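Dropping entry.cif in here (mmCIF, C-alpha atoms, pLDDT in the B column; chains and numbers go by the auth columns):
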data_target
loop_
_atom_site.group_PDB
_atom_site.id
_atom_site.type_symbol
_atom_site.label_atom_id
_atom_site.label_comp_id
_atom_site.label_asym_id
_atom_site.label_seq_id
_atom_site.Cartn_x
_atom_site.Cartn_y
_atom_site.Cartn_z
_atom_site.B_iso_or_equiv
_atom_site.auth_seq_id
_atom_site.auth_asym_id
ATOM 1 C CA MET A 1 -52.378 -56.670 19.213 43.00 1 Q
ATOM 2 C CA PRO A 2 -49.548 -56.135 16.683 48.00 2 Q
ATOM 3 C CA ASN A 3 -49.165 -52.860 14.852 51.00 3 Q
ATOM 4 C CA THR A 4 -50.817 -53.179 11.449 70.00 4 Q
ATOM 5 C CA HIS A 5 -50.076 -49.614 10.359 93.00 5 Q
ATOM 6 C CA THR A 6 -47.789 -49.434 7.350 96.00 6 Q
ATOM 7 C CA GLU A 7 -46.370 -46.574 5.324 97.00 7 Q
ATOM 8 C CA LEU A 8 -44.947 -46.167 1.836 98.00 8 Q
ATOM 9 C CA ALA A 9 -41.537 -44.890 0.787 98.00 9 Q
ATOM 10 C CA THR A 10 -40.691 -44.307 -2.874 98.00 10 Q
ATOM 11 C CA PHE A 11 -37.161 -43.819 -4.162 98.00 11 Q
ATOM 12 C CA ALA A 12 -35.656 -43.516 -7.631 97.00 12 Q
ATOM 13 C CA GLY A 13 -32.030 -44.578 -7.646 94.00 13 Q
ATOM 14 C CA GLY A 14 -31.078 -45.661 -11.121 89.00 14 Q
ATOM 15 C CA CYS A 15 -31.696 -49.217 -12.245 86.00 15 Q
ATOM 16 C CA PHE A 16 -34.591 -50.480 -10.158 87.00 16 Q
ATOM 17 C CA TRP A 17 -33.232 -54.045 -10.269 81.00 17 Q
ATOM 18 C CA CYS A 18 -30.305 -52.866 -8.150 85.00 18 Q
ATOM 19 C CA MET A 19 -32.499 -51.082 -5.614 89.00 19 Q
ATOM 20 C CA GLN A 20 -34.663 -54.045 -4.644 93.00 20 Q
ATOM 21 C CA PRO A 21 -32.283 -56.512 -2.931 91.00 21 Q
ATOM 22 C CA PHE A 22 -31.093 -54.312 -0.073 89.00 22 Q
ATOM 23 C CA PHE A 23 -34.604 -53.123 0.810 96.00 23 Q
ATOM 24 C CA ASP A 24 -35.963 -56.682 0.558 95.00 24 Q
ATOM 25 C CA HIS A 25 -33.432 -57.698 3.212 93.00 25 Q
ATOM 26 C CA THR A 26 -34.315 -54.897 5.641 96.00 26 Q
ATOM 27 C CA LYS A 27 -36.227 -55.865 8.760 97.00 27 Q
ATOM 28 C CA GLY A 28 -39.564 -54.034 8.848 97.00 28 Q
ATOM 29 C CA VAL A 29 -39.941 -53.892 5.074 97.00 29 Q
ATOM 30 C CA ILE A 30 -43.145 -55.710 4.208 97.00 30 Q
ATOM 31 C CA LYS A 31 -43.094 -55.478 0.440 97.00 31 Q
ATOM 32 C CA THR A 32 -41.109 -53.865 -2.372 97.00 32 Q
ATOM 33 C CA THR A 33 -42.357 -53.173 -5.878 98.00 33 Q
ATOM 34 C CA VAL A 34 -40.292 -51.793 -8.740 96.00 34 Q
ATOM 35 C CA GLY A 35 -41.950 -49.496 -11.229 97.00 35 Q
ATOM 36 C CA TYR A 36 -42.193 -46.070 -12.771 97.00 36 Q
ATOM 37 C CA THR A 37 -43.171 -42.700 -11.323 98.00 37 Q
ATOM 38 C CA GLY A 38 -42.682 -38.974 -11.752 97.00 38 Q
ATOM 39 C CA GLY A 39 -43.654 -38.779 -15.401 97.00 39 Q
ATOM 40 C CA HIS A 40 -46.514 -37.688 -17.620 96.00 40 Q
ATOM 41 C CA THR A 41 -47.592 -40.905 -19.381 95.00 41 Q
ATOM 42 C CA ALA A 42 -50.286 -43.142 -17.883 97.00 42 Q
ATOM 43 C CA ASN A 43 -49.474 -46.863 -17.618 96.00 43 Q
ATOM 44 C CA PRO A 44 -46.017 -46.658 -19.207 97.00 44 Q
ATOM 45 C CA THR A 45 -44.189 -49.760 -20.363 95.00 45 Q
ATOM 46 C CA TYR A 46 -40.550 -50.567 -19.699 95.00 46 Q
ATOM 47 C CA GLU A 47 -39.709 -49.847 -23.331 94.00 47 Q
ATOM 48 C CA GLU A 48 -41.389 -46.421 -23.186 96.00 48 Q
ATOM 49 C CA VAL A 49 -39.643 -45.473 -19.946 96.00 49 Q
ATOM 50 C CA SER A 50 -36.294 -46.793 -21.230 93.00 50 Q
ATOM 51 C CA ASN A 51 -36.590 -44.529 -24.273 92.00 51 Q
ATOM 52 C CA GLY A 52 -36.785 -41.555 -21.914 91.00 52 Q
ATOM 53 C CA ASP A 53 -39.967 -40.176 -23.468 90.00 53 Q
ATOM 54 C CA THR A 54 -42.416 -40.597 -20.547 96.00 54 Q
ATOM 55 C CA GLY A 55 -40.693 -38.416 -17.966 96.00 55 Q
ATOM 56 C CA HIS A 56 -40.819 -41.315 -15.495 97.00 56 Q
ATOM 57 C CA ALA A 57 -37.953 -42.563 -13.388 97.00 57 Q
ATOM 58 C CA GLU A 58 -37.326 -46.204 -12.578 96.00 58 Q
ATOM 59 C CA ALA A 59 -38.192 -46.415 -8.892 97.00 59 Q
ATOM 60 C CA ILE A 60 -38.930 -48.683 -5.985 97.00 60 Q
ATOM 61 C CA GLN A 61 -41.946 -48.414 -3.727 98.00 61 Q
ATOM 62 C CA ILE A 62 -41.472 -49.826 -0.255 98.00 62 Q
ATOM 63 C CA GLU A 63 -44.263 -50.774 2.123 98.00 63 Q
ATOM 64 C CA PHE A 64 -42.828 -50.750 5.634 98.00 64 Q
ATOM 65 C CA ASP A 65 -43.798 -51.002 9.280 97.00 65 Q
ATOM 66 C CA PRO A 66 -42.623 -47.756 10.935 97.00 66 Q
ATOM 67 C CA SER A 67 -42.650 -49.424 14.358 97.00 67 Q
ATOM 68 C CA VAL A 68 -39.840 -51.715 13.111 97.00 68 Q
ATOM 69 C CA VAL A 69 -37.894 -49.556 10.625 98.00 69 Q
ATOM 70 C CA THR A 70 -38.020 -45.776 10.411 98.00 70 Q
ATOM 71 C CA TYR A 71 -38.286 -43.692 7.285 98.00 71 Q
ATOM 72 C CA ALA A 72 -34.965 -42.108 8.289 98.00 72 Q
ATOM 73 C CA LYS A 73 -33.337 -45.569 8.300 98.00 73 Q
ATOM 74 C CA LEU A 74 -34.751 -46.297 4.812 98.00 74 Q
ATOM 75 C CA LEU A 75 -33.289 -42.986 3.624 98.00 75 Q
ATOM 76 C CA ASP A 76 -29.928 -43.946 5.083 95.00 76 Q
ATOM 77 C CA ILE A 77 -30.024 -47.240 3.155 95.00 77 Q
ATOM 78 C CA TYR A 78 -31.018 -45.328 0.017 96.00 78 Q
ATOM 79 C CA TRP A 79 -28.136 -42.819 0.308 96.00 79 Q
ATOM 80 C CA HIS A 80 -25.663 -45.661 0.851 92.00 80 Q
ATOM 81 C CA ASN A 81 -26.700 -47.300 -2.441 90.00 81 Q
ATOM 82 C CA ILE A 82 -26.717 -44.415 -4.920 93.00 82 Q
ATOM 83 C CA ASP A 83 -24.432 -41.667 -6.200 94.00 83 Q
ATOM 84 C CA PRO A 84 -26.354 -38.565 -5.081 96.00 84 Q
ATOM 85 C CA THR A 85 -24.031 -36.300 -7.085 95.00 85 Q
ATOM 86 C CA GLN A 86 -24.733 -37.805 -10.511 93.00 86 Q
ATOM 87 C CA MET A 87 -27.232 -35.796 -12.553 94.00 87 Q
ATOM 88 C CA ASN A 88 -29.723 -37.693 -14.744 94.00 88 Q
ATOM 89 C CA GLY A 89 -28.224 -41.106 -14.348 87.00 89 Q
ATOM 90 C CA GLN A 90 -26.651 -43.651 -12.077 88.00 90 Q
ATOM 91 C CA PHE A 91 -23.337 -45.273 -12.840 84.00 91 Q
ATOM 92 C CA VAL A 92 -23.410 -46.726 -16.400 82.00 92 Q
ATOM 93 C CA ASP A 93 -27.097 -45.850 -16.905 84.00 93 Q
ATOM 94 C CA GLU A 94 -27.660 -42.372 -18.279 91.00 94 Q
ATOM 95 C CA GLY A 95 -30.886 -40.491 -18.863 92.00 95 Q
ATOM 96 C CA THR A 96 -33.619 -38.875 -16.813 95.00 96 Q
ATOM 97 C CA GLN A 97 -35.271 -42.273 -16.324 95.00 97 Q
ATOM 98 C CA TYR A 98 -32.284 -43.143 -14.077 94.00 98 Q
ATOM 99 C CA ARG A 99 -32.248 -39.903 -12.056 96.00 99 Q
ATOM 100 C CA THR A 100 -32.278 -39.970 -8.250 97.00 100 Q
ATOM 101 C CA VAL A 101 -35.420 -38.731 -6.542 98.00 101 Q
ATOM 102 C CA ILE A 102 -36.957 -39.110 -3.114 98.00 102 Q
ATOM 103 C CA PHE A 103 -40.734 -39.105 -3.647 98.00 103 Q
ATOM 104 C CA TYR A 104 -42.301 -38.187 -0.314 98.00 104 Q
ATOM 105 C CA HIS A 105 -45.767 -39.325 0.790 98.00 105 Q
ATOM 106 C CA SER A 106 -46.289 -36.868 3.668 98.00 106 Q
ATOM 107 C CA ASP A 107 -45.057 -33.564 5.036 98.00 107 Q
ATOM 108 C CA GLU A 108 -43.170 -35.531 7.696 98.00 108 Q
ATOM 109 C CA GLN A 109 -41.341 -37.575 5.031 98.00 109 Q
ATOM 110 C CA LYS A 110 -40.503 -34.370 3.164 98.00 110 Q
ATOM 111 C CA LYS A 111 -39.032 -32.831 6.333 98.00 111 Q
ATOM 112 C CA ILE A 112 -36.987 -35.946 7.149 98.00 112 Q
ATOM 113 C CA ALA A 113 -35.744 -36.196 3.546 98.00 113 Q
ATOM 114 C CA GLU A 114 -34.712 -32.526 3.429 98.00 114 Q
ATOM 115 C CA GLU A 115 -32.861 -32.809 6.748 98.00 115 Q
ATOM 116 C CA SER A 116 -31.171 -36.023 5.617 97.00 116 Q
ATOM 117 C CA LYS A 117 -30.073 -34.484 2.317 97.00 117 Q
ATOM 118 C CA ALA A 118 -28.728 -31.378 4.080 97.00 118 Q
ATOM 119 C CA ALA A 119 -26.760 -33.516 6.549 96.00 119 Q
ATOM 120 C CA LEU A 120 -25.321 -35.591 3.718 95.00 120 Q
ATOM 121 C CA GLY A 121 -24.297 -32.443 1.849 94.00 121 Q
ATOM 122 C CA ALA A 122 -22.642 -31.012 4.964 95.00 122 Q
ATOM 123 C CA SER A 123 -20.831 -34.266 5.744 93.00 123 Q
ATOM 124 C CA GLY A 124 -17.848 -33.482 3.524 90.00 124 Q
ATOM 125 C CA ARG A 125 -18.027 -36.986 2.048 89.00 125 Q
ATOM 126 C CA PHE A 126 -18.815 -35.700 -1.457 90.00 126 Q
ATOM 127 C CA HIS A 127 -16.810 -33.275 -3.584 89.00 127 Q
ATOM 128 C CA ALA A 128 -19.802 -32.295 -5.704 93.00 128 Q
ATOM 129 C CA PRO A 129 -23.296 -31.038 -4.825 95.00 129 Q
ATOM 130 C CA ILE A 130 -26.041 -33.484 -3.856 96.00 130 Q
ATOM 131 C CA VAL A 131 -28.408 -33.347 -6.854 97.00 131 Q
ATOM 132 C CA THR A 132 -31.007 -35.888 -5.694 98.00 132 Q
ATOM 133 C CA ALA A 133 -34.420 -34.245 -5.971 98.00 133 Q
ATOM 134 C CA ILE A 134 -37.106 -34.340 -3.282 98.00 134 Q
ATOM 135 C CA GLN A 135 -40.594 -34.284 -4.816 98.00 135 Q
ATOM 136 C CA PRO A 136 -44.146 -35.203 -3.861 98.00 136 Q
ATOM 137 C CA ALA A 137 -45.116 -38.759 -4.730 98.00 137 Q
ATOM 138 C CA THR A 138 -47.234 -39.136 -7.837 97.00 138 Q
ATOM 139 C CA THR A 139 -48.923 -42.157 -9.371 98.00 139 Q
ATOM 140 C CA PHE A 140 -46.688 -45.203 -9.127 98.00 140 Q
ATOM 141 C CA TYR A 141 -47.008 -47.740 -11.941 98.00 141 Q
ATOM 142 C CA PRO A 142 -45.666 -51.208 -11.083 97.00 142 Q
ATOM 143 C CA ALA A 143 -43.234 -52.531 -13.669 94.00 143 Q
ATOM 144 C CA GLU A 144 -43.970 -55.644 -15.645 91.00 144 Q
ATOM 145 C CA ASN A 145 -43.879 -58.844 -13.601 86.00 145 Q
ATOM 146 C CA TYR A 146 -40.580 -60.053 -15.059 83.00 146 Q
ATOM 147 C CA HIS A 147 -38.846 -57.030 -13.460 84.00 147 Q
ATOM 148 C CA GLN A 148 -40.137 -57.793 -9.954 85.00 148 Q
ATOM 149 C CA LYS A 149 -37.430 -59.506 -7.868 82.00 149 Q
ATOM 150 C CA TYR A 150 -35.283 -59.710 -11.009 70.00 150 Q
ATOM 151 C CA TYR A 151 -32.240 -60.440 -8.871 73.00 151 Q
ATOM 152 C CA GLN A 152 -33.945 -63.700 -7.835 73.00 152 Q
ATOM 153 C CA LYS A 153 -35.720 -64.629 -11.074 75.00 153 Q
ATOM 154 C CA SER A 154 -32.776 -63.961 -13.409 70.00 154 Q
ATOM 155 C CA SER A 155 -29.811 -64.030 -11.078 73.00 155 Q
ATOM 156 C CA PHE A 156 -27.182 -64.680 -13.762 69.00 156 Q
ATOM 157 C CA GLN A 157 -28.315 -61.733 -15.928 77.00 157 Q
ATOM 158 C CA TYR A 158 -28.779 -59.542 -12.854 65.00 158 Q
ATOM 159 C CA ASN A 159 -25.282 -60.327 -11.560 69.00 159 Q
ATOM 160 C CA MET A 160 -23.719 -59.685 -14.969 73.00 160 Q
ATOM 161 C CA TYR A 161 -25.399 -56.261 -15.114 70.00 161 Q
ATOM 162 C CA HIS A 162 -24.768 -55.417 -11.462 70.00 162 Q
ATOM 163 C CA ASP A 163 -21.133 -56.498 -11.476 73.00 163 Q
ATOM 164 C CA ASN A 164 -20.369 -54.353 -14.539 68.00 164 Q
ATOM 165 C CA SER A 165 -22.436 -51.277 -13.667 75.00 165 Q
ATOM 166 C CA GLY A 166 -19.791 -49.522 -11.569 72.00 166 Q
ATOM 167 C CA ARG A 167 -22.169 -49.312 -8.603 76.00 167 Q
ATOM 168 C CA GLU A 168 -20.237 -51.587 -6.221 80.00 168 Q
ATOM 169 C CA GLU A 169 -16.888 -49.920 -6.907 79.00 169 Q
ATOM 170 C CA TYR A 170 -18.366 -46.468 -6.296 78.00 170 Q
ATOM 171 C CA LEU A 171 -20.089 -47.551 -3.084 74.00 171 Q
ATOM 172 C CA GLU A 172 -16.920 -49.247 -1.828 83.00 172 Q
ATOM 173 C CA ASN A 173 -14.857 -46.120 -2.555 82.00 173 Q
ATOM 174 C CA THR A 174 -17.445 -43.812 -0.976 80.00 174 Q
ATOM 175 C CA TRP A 175 -18.616 -45.771 2.056 79.00 175 Q
ATOM 176 C CA GLY A 176 -16.010 -48.481 2.602 79.00 176 Q
ATOM 177 C CA THR A 177 -16.932 -52.147 2.948 64.00 177 Q
ATOM 178 C CA HIS A 178 -20.356 -52.510 1.439 52.00 178 Q
#
Turn this file's structure into structure tokens for me.
Amino acid sequence: MPNTHTELATFAGGCFWCMQPFFDHTKGVIKTTVGYTGGHTANPTYEEVSNGDTGHAEAIQIEFDPSVVTYAKLLDIYWHNIDPTQMNGQFVDEGTQYRTVIFYHSDEQKKIAEESKAALGASGRFHAPIVTAIQPATTFYPAENYHQKYYQKSSFQYNMYHDNSGREEYLENTWGTH
């Protein structure tokens, strides 16, 4: 009988449109949903979150099969697709709604995230402190439907944003061929 046990991982890494493609293409990921978490407003809208008034961050929630892909592997993918040294923003997007946060769903995830962050900080790869927060998961509010799989639904607009965000250049300079 196949393993039907799944877990959740939730990461904030700037623009949630840019977070979805690489997790969608990871073996063992069952489903990804972009949305808002970590704030104080119930059922926030994109406009409210974009204004920075709700305290939420744009985030991605990943349902995954831990027998196929580990939480540590998902963290590795996450680190390789953000700038963990940028405070309250990512690339061209600035504001607390674009901050980087690992929202853990268990004590085990918290432990793995803390160890991963410490190893990244000790790696010597970055010349500034790792500022990505590690916090307990709170209510996750899925974003409006038009944001889900935006890279597929509105590929031209997505590519225009993505190609001009500075993300790819940073990742190439930091990690090499991306």
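Reported to one decimal place, the separation of CA of Ala128 (chain Q) from CA of Phe91 (chain Q) is 15.2 Å.
CA of Arg99 (chain Q) sits 24.1 Å away from CA of Ser154 (chain Q).
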Nearest to Ser50 (chain Q), restricted to only C-alpha atoms and choosing among Q:Asp83, Q:Asp24, Q:Glu94, Q:Glu63, comes out as Q:Glu94
As lines of an AutoDock Vina configuration file: centre and edge lengths in Å, one decimal, of the axis-aligned box holding region 38-44 of chain Q with 5 Å per side:
center_x = -46.5
center_y = -42.3
center_z = -15.6
size_x = 17.6
size_y = 19.2
size_z = 17.6
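Counting only C-alpha atoms, the residue from Q:Glu172, Q:Trp79, Q:Arg167, Q:Gln97 that sits nearest to Glu48 (chain Q) is Q:Gln97.
Distance-wise, CA of Ile112 (chain Q) and CA of Phe64 (chain Q) end up 16.0 Å apart.
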What would the selection look like, as a PyMOL selection string, if the PyMOL selection byres ((chain Q and resi 144) around 12) were run on the coordinates I just shared? chain Q and resi 33-36+43-47+49+58+141-143+145-150
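Counting only C-alpha atoms, the residue from Q:Asn88, Q:Val68, Q:Lys153, Q:Asp93 that sits nearest to Ala133 (chain Q) is Q:Asn88.
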Using all atoms listed in the file, which protein or nucleic acid residues come within 10 Å of Glu114 (chain Q)? Drop anything in the same chain fewer than 6 positions from it, and give the result as a ChimeraX atom specification. /Q:102,108,120,133-134
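Residues of protein, DNA or RNA having at least one counted atom within 9 Å of (-27.6, -52.7, -12.3), given only C-alpha atoms, are Q:Gly14, Q:Cys15, Q:Phe16, Q:Trp17, Q:Cys18, Q:Met19, Q:Phe91, Q:Val92, Q:Asp93, Q:Tyr158, Q:Asn159, Q:Met160, Q:Tyr161, Q:His162, Q:Asp163, Q:Asn164, Q:Ser165, Q:Gly166, Q:Arg167.
The shortest atom-to-atom distance to Gln20 (chain Q), with all atoms listed in the file taken into account, belongs to Q:Gln152 out of Q:Thr41, Q:Gln152, Q:Gln90, Q:Gln109.
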Could you list, as a short mmCIF file (atom, residue, chain, number, x, y, z; two decimals) with C-alpha atoms, keeping the file's coordinate frame, every residue within 12 Å of Gly121 (chain Q), counting only C-alpha atoms and ignoring same-chain residues fewer than 3 positions away?
data_model
loop_
_atom_site.label_atom_id
_atom_site.label_comp_id
_atom_site.auth_asym_id
_atom_site.auth_seq_id
_atom_site.Cartn_x
_atom_site.Cartn_y
_atom_site.Cartn_z
CA TRP Q 79 -28.14 -42.82 0.31
CA PRO Q 84 -26.35 -38.56 -5.08
CA THR Q 85 -24.03 -36.30 -7.08
CA GLU Q 114 -34.71 -32.53 3.43
CA GLU Q 115 -32.86 -32.81 6.75
CA SER Q 116 -31.17 -36.02 5.62
CA LYS Q 117 -30.07 -34.48 2.32
CA ALA Q 118 -28.73 -31.38 4.08
CA GLY Q 124 -17.85 -33.48 3.52
CA ARG Q 125 -18.03 -36.99 2.05
CA PHE Q 126 -18.82 -35.70 -1.46
CA HIS Q 127 -16.81 -33.28 -3.58
CA ALA Q 128 -19.80 -32.30 -5.70
CA PRO Q 129 -23.30 -31.04 -4.82
CA ILE Q 130 -26.04 -33.48 -3.86
CA VAL Q 131 -28.41 -33.35 -6.85
CA THR Q 132 -31.01 -35.89 -5.69
#
What's the 9 Å shell around Trp175 (chain Q), counting all atoms listed in the file, without same-chain residues fewer than 4 positions away, as a compact mmCIF listing (two decimals) with C-alpha atoms, in the coordinates of the input?
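Dumped to out_20.txt:
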# COMPACT_ATOMS: atom_id res chain seq x y z
CA HIS Q 80 -25.66 -45.66 0.85
CA ARG Q 125 -18.03 -36.99 2.05
CA TYR Q 170 -18.37 -46.47 -6.30
CA LEU Q 171 -20.09 -47.55 -3.08
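Residues matching the PyMOL selection byres ((chain Q and resi 4-9) around 7) in this structure come to Pro2, Asn3, Thr10, Phe11, Gln61, Ile62, Glu63, Phe64, Asp65, Pro66, Tyr104 and His105 of chain Q.
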